[in-house]
Structure formats: structure tokens, C-alpha cells
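Student: Sending over a structure as C-alpha cells; questions will come in a sec.
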Amino acid sequence: MRCTQNLILSHLTDTEFLAFETVLEPLILPRDLRLVHTGMPVSHYYFLENGIASVVAASAAGRSAEIGLVGRDGVSPPALIMEGNSFPFEITMQVAGHGRRVETAALAGFLRENPAVLPLLSHFFHNFFAQVAHTALSNAVHKIDVRLAKWILMCNDRLNGEEIAITHEHLATVLGVRRSSVTDALHILEGEHLIYSTRGLVIIRNRGALEAFAADAYDLPGVSGPASPEIARPPRARAAAH
């Protein structure tokens, strides 16, 4: 019997899933595990069942910030690179979880045999790059506390439960700011009774009020993929659009 929380895998037909399962490797994905190294060929693709993978861009001077995230809504890296080419960004598990991985060559072979699966991947890629674009917009026009609220909601869309295991240091990388700025933003959200924050853990207290606080940083119109909305967006609704 099929058992998966990954949105793409859940939409495969029984025949496709059985064929794909023969080349999928289940694995635990601890925090800080590097899935893709900047400038290195992509060896595996990861279909997360739980957890958050962070796509991070870095400057020549060593400054870095998250430009997008992937959870159970898709596949990491969020691009098909089948000819040994490198991916331009680093991808690291920001929130620990588990999932399945497949070797690049095996995925290429599966897609040749099952071309009907490509639209599922295309829907996810479309929404991921919309997410990247709107993250850039949010970084330019929203305050840090609003951006943090947006990020917490995006994680909540992709995780089980209301807890997010992440440190202030990781949040600083996520938002591209200093650790002290993260602490200040967390205090603001706590003061509004939206979250509870302790060392290495953020707990959502009032999801509806957190959405209202994030406002247009999270509630972005017109960025879902074409056709089926359940493909375009993950189970908790709207996550791929943010």
C-alpha cells in the first residue's frame, strides 16, 4: 500500500509509483545535511516527506540568505539537471525531516519511461520560482518581523504540527540579517501572542492572527500554477505560492 506525504509522489498513478519506488531510497534528513553543493554536479534528487530544505544564495564575500524553501510540496533541487551540470545554489536541510532520494541518472530514466510525470514537476517548478520572485519582493518592501511571520507560515504549510525546530543562527541565514535582528523580530511576534519562541524552537500560537500580521507578504495573488490547484499548492494550502 502506498504511503507518502510528498505531494508529487502522491499524485503518481499506482503504476508510476511502483516503478519509481524501485529506484527511491528512504532516508532520514538531519538538520544541516547538505543536499546540493554550490557549483557541484547534482548526484541525487530528494522528495521530502517532512522537514524543510533551504535554497541559499551566497555572495563572493561570504554573505548568504535563503531565496526559497522546499518541503513535502516538491523535489530538491527544484530544477532538472540531468547532464552532470552544477546547480548554482546550496541546498541544506534547515528543519530536520525524512524523505526519499533518487540518483540523477535513475530519475532521468524514469522520466523517459513515464513522460506523463513531467507536468507534475513543471507545476512545482513554476510555483517554486514564483516563490523565489515574491521572496525577493518581500525582502525589498517588508520589515524583518513581517518577513519572519511569512517564513514561519510557509514552514507550517509544509510541516506536521505547529512546532518548527530552528535556531536563531539558522533564522539569521534564512532572512539574511544579523542574529540580533532575528531576536528582535521574534520578540515582536511573541508580544503579539502569535508565537512562542525558545532555544531552538518556534511554536505557532495563533495561525490566523499570524496570517493577518504577515498580510500581503504571505497572501499573494495570482502565482499558482496552471490546471490542478492540488498540484500547484501543498496540502496546507497556498505554500508553493509564497
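Ordered as shown in the C-alpha cells, chains take letters A, B, and onward, while each chain numbers its residues from 1 and ligands are numbered from 1 in the order shown.
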Determine, counting only C-alpha atoms, which protein, DNA and RNA residues have an atom within 10 Å of an atom of Leu148 in chain A; residues of the same chain fewer than 6 positions away are not included. Present the result as a short mmCIF file (atom, residue, chain, number, x, y, z; two decimals) with N, CA and C atoms, in the first residue's frame.
Tutor:
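Final output, saved to selection09.cif:
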```cif
data_model
loop_
_atom_site.label_atom_id
_atom_site.label_comp_id
_atom_site.auth_asym_id
_atom_site.auth_seq_id
_atom_site.Cartn_x
_atom_site.Cartn_y
_atom_site.Cartn_z
N HIS A 142 9.25 44.62 2.84
CA HIS A 142 8.67 44.32 4.14
C HIS A 142 9.71 44.36 5.26
N MET A 154 5.07 29.70 5.91
CA MET A 154 5.48 28.81 4.82
C MET A 154 5.95 27.47 5.36
N LEU A 171 17.84 31.11 11.51
CA LEU A 171 16.90 32.14 11.09
C LEU A 171 17.62 33.36 10.52
N ALA A 172 18.77 33.66 11.08
CA ALA A 172 19.56 34.78 10.55
C ALA A 172 19.99 34.51 9.11
N VAL A 174 18.38 32.43 7.06
CA VAL A 174 17.13 32.42 6.29
C VAL A 174 16.76 33.83 5.85
N LEU A 175 16.84 34.79 6.78
CA LEU A 175 16.39 36.15 6.50
C LEU A 175 17.50 37.06 5.99
N VAL A 182 17.03 39.01 14.33
CA VAL A 182 16.11 37.88 14.47
C VAL A 182 15.49 37.86 15.86
N ALA A 185 12.84 40.49 16.10
CA ALA A 185 11.63 40.13 15.35
C ALA A 185 10.82 39.06 16.08
N LEU A 186 11.51 38.08 16.67
CA LEU A 186 10.82 37.05 17.44
C LEU A 186 10.09 37.66 18.64
N LEU A 189 6.80 39.20 17.50
CA LEU A 189 5.76 38.20 17.26
C LEU A 189 5.26 37.59 18.57
N ALA A 214 1.23 38.92 8.77
CA ALA A 214 2.06 38.84 7.56
C ALA A 214 1.41 39.54 6.38
N ALA A 217 2.51 39.94 2.49
CA ALA A 217 3.77 39.20 2.34
C ALA A 217 3.50 37.72 2.15
#
```
Student: Apply DSSP to the backbone of this structure and, from range 7-106 of chain A, keep only the residues in helix (DSSP H, G or I); write these as a ChimeraX atom specification.
Tutor: /A:7-10,14-21,104-106
Student: Store the residues of this selection in a file with N, CA, C and O atoms, as a compact mmCIF listing (two decimals), in the first residue's frame.
Tutor:
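Result saved to out39.txt:
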```
# COMPACT_ATOMS: atom_id res chain seq x y z
N LEU A 7 3.83 15.60 -2.06
CA LEU A 7 2.71 15.94 -2.95
C LEU A 7 2.90 15.38 -4.36
O LEU A 7 1.96 14.90 -4.97
N ILE A 8 4.13 15.46 -4.87
CA ILE A 8 4.36 14.93 -6.22
C ILE A 8 4.20 13.42 -6.24
O ILE A 8 3.50 12.87 -7.11
N LEU A 9 4.81 12.74 -5.30
CA LEU A 9 4.70 11.27 -5.26
C LEU A 9 3.25 10.83 -5.07
O LEU A 9 2.82 9.81 -5.63
N SER A 10 2.48 11.59 -4.29
CA SER A 10 1.10 11.21 -4.02
C SER A 10 0.22 11.31 -5.26
O SER A 10 -0.86 10.70 -5.31
N ASP A 14 -0.71 4.51 -9.66
CA ASP A 14 -0.17 3.33 -8.98
C ASP A 14 0.96 2.70 -9.77
O ASP A 14 1.99 2.29 -9.22
N THR A 15 0.80 2.63 -11.09
CA THR A 15 1.84 2.04 -11.94
C THR A 15 3.11 2.88 -11.90
O THR A 15 4.22 2.34 -11.77
N GLU A 16 2.97 4.20 -11.99
CA GLU A 16 4.13 5.09 -11.94
C GLU A 16 4.82 4.99 -10.59
O GLU A 16 6.06 4.92 -10.53
N PHE A 17 4.04 4.97 -9.52
CA PHE A 17 4.64 4.93 -8.19
C PHE A 17 5.40 3.63 -7.97
O PHE A 17 6.52 3.64 -7.42
N LEU A 18 4.83 2.52 -8.38
CA LEU A 18 5.51 1.24 -8.21
C LEU A 18 6.81 1.20 -8.98
O LEU A 18 7.82 0.67 -8.50
N ALA A 19 6.80 1.78 -10.18
CA ALA A 19 8.02 1.81 -10.98
C ALA A 19 9.07 2.72 -10.35
O ALA A 19 10.27 2.39 -10.30
N PHE A 20 8.63 3.85 -9.85
CA PHE A 20 9.55 4.82 -9.26
C PHE A 20 10.11 4.32 -7.93
O PHE A 20 11.27 4.56 -7.58
N GLU A 21 9.28 3.60 -7.19
CA GLU A 21 9.68 3.12 -5.87
C GLU A 21 10.90 2.20 -5.93
O GLU A 21 11.67 2.11 -4.97
N THR A 104 20.38 10.86 -9.96
CA THR A 104 20.02 11.68 -11.11
C THR A 104 19.78 10.84 -12.37
O THR A 104 18.81 11.04 -13.09
N ALA A 105 20.68 9.90 -12.63
CA ALA A 105 20.53 9.06 -13.82
C ALA A 105 19.26 8.21 -13.75
O ALA A 105 18.57 8.02 -14.76
N ALA A 106 18.94 7.72 -12.55
CA ALA A 106 17.73 6.90 -12.39
C ALA A 106 16.47 7.74 -12.59
O ALA A 106 15.48 7.27 -13.17
```
Student: Just want the 8 Å neighbourhood of range 74-83 of chain A, counted on only C-alpha atoms, with same-chain residues fewer than 5 positions away dropped. Output as a PyMOL selection string.
Tutor: chain A and resi 6-8+35-36+42+45-48+53+91+104-105+108+121+124-125+128
Student: Can I get the selection written as a compact mmCIF listing (two decimals), in the first residue's frame, with N, CA and C atoms?
Tutor:
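part_8.txt, written as the output of this step:
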```
# COMPACT_ATOMS: atom_id res chain seq x y z
N ASN A 6 4.63 13.24 0.36
CA ASN A 6 5.14 14.13 -0.68
C ASN A 6 4.07 14.36 -1.74
N LEU A 7 3.83 15.60 -2.06
CA LEU A 7 2.71 15.94 -2.95
C LEU A 7 2.90 15.38 -4.36
N ILE A 8 4.13 15.46 -4.87
CA ILE A 8 4.36 14.93 -6.22
C ILE A 8 4.20 13.42 -6.24
N LEU A 35 22.25 18.87 0.80
CA LEU A 35 21.66 18.10 -0.28
C LEU A 35 22.33 18.42 -1.62
N VAL A 36 22.66 19.68 -1.80
CA VAL A 36 23.31 20.12 -3.04
C VAL A 36 24.42 21.11 -2.68
N VAL A 42 24.79 17.65 -9.61
CA VAL A 42 23.71 17.12 -8.79
C VAL A 42 23.73 15.60 -8.88
N TYR A 45 18.24 13.56 -6.33
CA TYR A 45 17.07 14.41 -6.12
C TYR A 45 16.32 13.88 -4.90
N TYR A 46 15.80 14.80 -4.10
CA TYR A 46 15.19 14.46 -2.82
C TYR A 46 13.71 14.82 -2.83
N PHE A 47 12.87 13.84 -2.50
CA PHE A 47 11.44 14.06 -2.33
C PHE A 47 11.14 14.02 -0.83
N LEU A 48 10.99 15.19 -0.23
CA LEU A 48 10.81 15.27 1.21
C LEU A 48 9.40 14.83 1.61
N ALA A 53 13.93 22.02 3.33
CA ALA A 53 15.21 22.22 2.67
C ALA A 53 15.30 23.67 2.23
N ILE A 91 21.82 23.83 -1.17
CA ILE A 91 20.57 23.40 -0.55
C ILE A 91 20.90 22.57 0.68
N THR A 104 20.38 10.86 -9.96
CA THR A 104 20.02 11.68 -11.11
C THR A 104 19.78 10.84 -12.37
N ALA A 105 20.68 9.90 -12.63
CA ALA A 105 20.53 9.06 -13.82
C ALA A 105 19.26 8.21 -13.75
N ALA A 108 16.28 10.41 -14.51
CA ALA A 108 16.21 10.66 -15.95
C ALA A 108 15.61 9.47 -16.68
N LEU A 121 6.06 17.81 -12.23
CA LEU A 121 7.27 18.54 -11.87
C LEU A 121 7.21 19.98 -12.36
N PHE A 124 5.29 22.19 -10.00
CA PHE A 124 6.07 22.55 -8.82
C PHE A 124 7.14 23.58 -9.16
N PHE A 125 7.88 23.40 -10.26
CA PHE A 125 8.93 24.34 -10.64
C PHE A 125 8.35 25.74 -10.84
N PHE A 128 7.64 27.17 -7.46
CA PHE A 128 8.86 27.46 -6.71
C PHE A 128 9.47 28.77 -7.18
```
Student: Report, in Å with one decimal, the straight-line distance from CA of Arg205 in chain A to CA of Glu162 in chain A.
Tutor: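 So the answer is 7.9 Å.
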Student: Report the distance between CA of Leu194 in chain A and CA of Asn206 in chain A in Å, rounded to one decimal place.
Tutor: 5.1 Å
Student: Could you jot down the CA of Ala61 in chain A to CA of His44 in chain A separation for me, Å, one decimal place?
Tutor: 28.4 Å
Student: If you count only C-alpha atoms, which residues fall within 10 Å of Asn156 in chain A, apart from same-chain ones fewer than 4 positions away, as a list in words?
Tutor: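 The neighbour list is Ile52, Lys150, Trp151, Ile152, Asn160, Gly161, Glu162, Glu163, Ile164, Ile203, Ile204, Arg207, Arg236 and Ala239 of chain A.
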Student: For the selection you just gave me, I'd like the residues written to a file as a tab-separated table (two decimals), in the first residue's frame, keeping N, CA and C atoms.
Tutor:
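Just written: part_29.tsv:
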```
chain	number	residue	atom	x	y	z
A	52	ILE	N	12.26	20.78	6.10
A	52	ILE	CA	12.40	21.93	5.21
A	52	ILE	C	13.82	21.98	4.65
A	150	LYS	N	5.99	35.53	7.62
A	150	LYS	CA	5.78	34.87	6.33
A	150	LYS	C	6.53	33.54	6.28
A	151	TRP	N	7.78	33.54	6.72
A	151	TRP	CA	8.59	32.32	6.67
A	151	TRP	C	8.01	31.26	7.59
A	152	ILE	N	7.59	31.64	8.79
A	152	ILE	CA	7.01	30.68	9.72
A	152	ILE	C	5.75	30.05	9.13
A	160	ASN	N	4.36	18.90	9.82
A	160	ASN	CA	3.31	18.34	10.67
A	160	ASN	C	3.35	19.01	12.03
A	161	GLY	N	2.25	19.59	12.44
A	161	GLY	CA	2.19	20.23	13.75
A	161	GLY	C	2.56	21.69	13.70
A	162	GLU	N	2.58	22.32	14.86
A	162	GLU	CA	2.79	23.76	14.98
A	162	GLU	C	4.19	24.12	15.43
A	163	GLU	N	5.08	23.14	15.59
A	163	GLU	CA	6.43	23.41	16.07
A	163	GLU	C	7.44	23.40	14.92
A	164	ILE	N	8.37	24.35	14.97
A	164	ILE	CA	9.44	24.44	13.98
A	164	ILE	C	10.76	24.46	14.75
A	203	ILE	N	7.05	27.93	18.16
A	203	ILE	CA	5.74	27.29	18.22
A	203	ILE	C	4.68	28.31	17.84
A	204	ILE	N	3.84	27.98	16.87
A	204	ILE	CA	2.76	28.87	16.46
A	204	ILE	C	1.63	28.80	17.48
A	207	ARG	N	-2.44	30.82	14.37
A	207	ARG	CA	-2.15	30.83	12.94
A	207	ARG	C	-2.92	31.94	12.21
A	236	ARG	N	-1.31	22.05	3.04
A	236	ARG	CA	-1.77	23.04	3.99
A	236	ARG	C	-2.27	24.30	3.31
A	239	ALA	N	1.09	27.07	0.05
A	239	ALA	CA	2.51	27.19	0.41
A	239	ALA	C	3.40	27.44	-0.79
```
Student: Which residue, A:Val132, A:Ala165, A:Asp73, A:Asn114, has the smallest gap to Pro30 in chain A when you use only C-alpha atoms?
Tutor: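 Distance minimum relative to Pro30 in chain A lands on A:Ala165.
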Student: Enumerate the residues of range 11-227 of chain A with a DSSP assignment of strand (DSSP E), computed from the backbone, and present them as an MDAnalysis selection string.
Tutor: chainID A and resid 25:29 34:36 44:58 64:70 90:103 163:164 195:198 201:204
Student: Just the selected residues (C-alpha atoms), exported as a PDB file, in the first residue's frame, please.
Tutor:
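Final output, result_27.pdb:
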```
ATOM      1  CA  GLU A  25      15.867   5.278  -1.312  1.00  0.00           C
ATOM      2  CA  PRO A  26      14.184   6.178   2.019  1.00  0.00           C
ATOM      3  CA  LEU A  27      16.405   8.177   4.350  1.00  0.00           C
ATOM      4  CA  ILE A  28      16.490  10.391   7.416  1.00  0.00           C
ATOM      5  CA  LEU A  29      17.361  14.023   6.682  1.00  0.00           C
ATOM      6  CA  ARG A  34      23.866  19.346   2.558  1.00  0.00           C
ATOM      7  CA  LEU A  35      21.657  18.103  -0.284  1.00  0.00           C
ATOM      8  CA  VAL A  36      23.311  20.125  -3.039  1.00  0.00           C
ATOM      9  CA  HIS A  44      20.556  12.934  -6.215  1.00  0.00           C
ATOM     10  CA  TYR A  45      17.069  14.406  -6.120  1.00  0.00           C
ATOM     11  CA  TYR A  46      15.189  14.459  -2.824  1.00  0.00           C
ATOM     12  CA  PHE A  47      11.437  14.056  -2.333  1.00  0.00           C
ATOM     13  CA  LEU A  48      10.806  15.267   1.211  1.00  0.00           C
ATOM     14  CA  GLU A  49       8.048  13.739   3.316  1.00  0.00           C
ATOM     15  CA  ASN A  50       8.696  16.111   6.201  1.00  0.00           C
ATOM     16  CA  GLY A  51      11.241  18.795   7.030  1.00  0.00           C
ATOM     17  CA  ILE A  52      12.396  21.926   5.205  1.00  0.00           C
ATOM     18  CA  ALA A  53      15.212  22.219   2.674  1.00  0.00           C
ATOM     19  CA  SER A  54      16.598  25.740   2.299  1.00  0.00           C
ATOM     20  CA  VAL A  55      17.903  27.041  -1.038  1.00  0.00           C
ATOM     21  CA  VAL A  56      20.635  29.548  -0.179  1.00  0.00           C
ATOM     22  CA  ALA A  57      22.464  32.069  -2.342  1.00  0.00           C
ATOM     23  CA  ALA A  58      25.873  33.350  -1.237  1.00  0.00           C
ATOM     24  CA  SER A  64      24.208  34.402   2.424  1.00  0.00           C
ATOM     25  CA  ALA A  65      20.420  34.362   2.507  1.00  0.00           C
ATOM     26  CA  GLU A  66      17.644  31.927   1.746  1.00  0.00           C
ATOM     27  CA  ILE A  67      15.987  32.513  -1.613  1.00  0.00           C
ATOM     28  CA  GLY A  68      13.441  29.688  -1.404  1.00  0.00           C
ATOM     29  CA  LEU A  69      12.429  26.604   0.510  1.00  0.00           C
ATOM     30  CA  VAL A  70      11.182  23.144  -0.367  1.00  0.00           C
ATOM     31  CA  GLU A  90      23.440  25.473  -1.964  1.00  0.00           C
ATOM     32  CA  ILE A  91      20.566  23.398  -0.551  1.00  0.00           C
ATOM     33  CA  THR A  92      20.683  22.377   3.097  1.00  0.00           C
ATOM     34  CA  MET A  93      18.172  20.817   5.457  1.00  0.00           C
ATOM     35  CA  GLN A  94      17.082  23.751   7.596  1.00  0.00           C
ATOM     36  CA  VAL A  95      14.480  21.767   9.559  1.00  0.00           C
ATOM     37  CA  ALA A  96      15.180  18.053  10.048  1.00  0.00           C
ATOM     38  CA  GLY A  97      12.852  15.517   8.474  1.00  0.00           C
ATOM     39  CA  HIS A  98      12.796  12.455   6.267  1.00  0.00           C
ATOM     40  CA  GLY A  99      12.101  11.576   2.675  1.00  0.00           C
ATOM     41  CA  ARG A 100      13.350   9.612  -0.311  1.00  0.00           C
ATOM     42  CA  ARG A 101      16.107  10.244  -2.799  1.00  0.00           C
ATOM     43  CA  VAL A 102      16.842   9.036  -6.297  1.00  0.00           C
ATOM     44  CA  GLU A 103      20.063   9.133  -8.299  1.00  0.00           C
ATOM     45  CA  GLU A 163       6.434  23.409  16.070  1.00  0.00           C
ATOM     46  CA  ILE A 164       9.444  24.444  13.982  1.00  0.00           C
ATOM     47  CA  ILE A 195       4.204  32.527  18.508  1.00  0.00           C
ATOM     48  CA  TYR A 196       6.171  31.154  21.409  1.00  0.00           C
ATOM     49  CA  SER A 197       9.942  31.036  20.957  1.00  0.00           C
ATOM     50  CA  THR A 198      12.519  29.196  23.000  1.00  0.00           C
ATOM     51  CA  LEU A 201      12.174  26.052  18.746  1.00  0.00           C
ATOM     52  CA  VAL A 202       9.344  28.235  17.408  1.00  0.00           C
ATOM     53  CA  ILE A 203       5.741  27.289  18.220  1.00  0.00           C
ATOM     54  CA  ILE A 204       2.762  28.870  16.465  1.00  0.00           C
TER      55      ILE A 204
END
```
Student: Using only C-alpha atoms, find the one residue out of A:Arg147, A:Ile166, A:His123, A:Ala116 that sits nearest to Phe213 in chain A.
Tutor: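 For Phe213 in chain A, the nearest of the candidates is A:Arg147.
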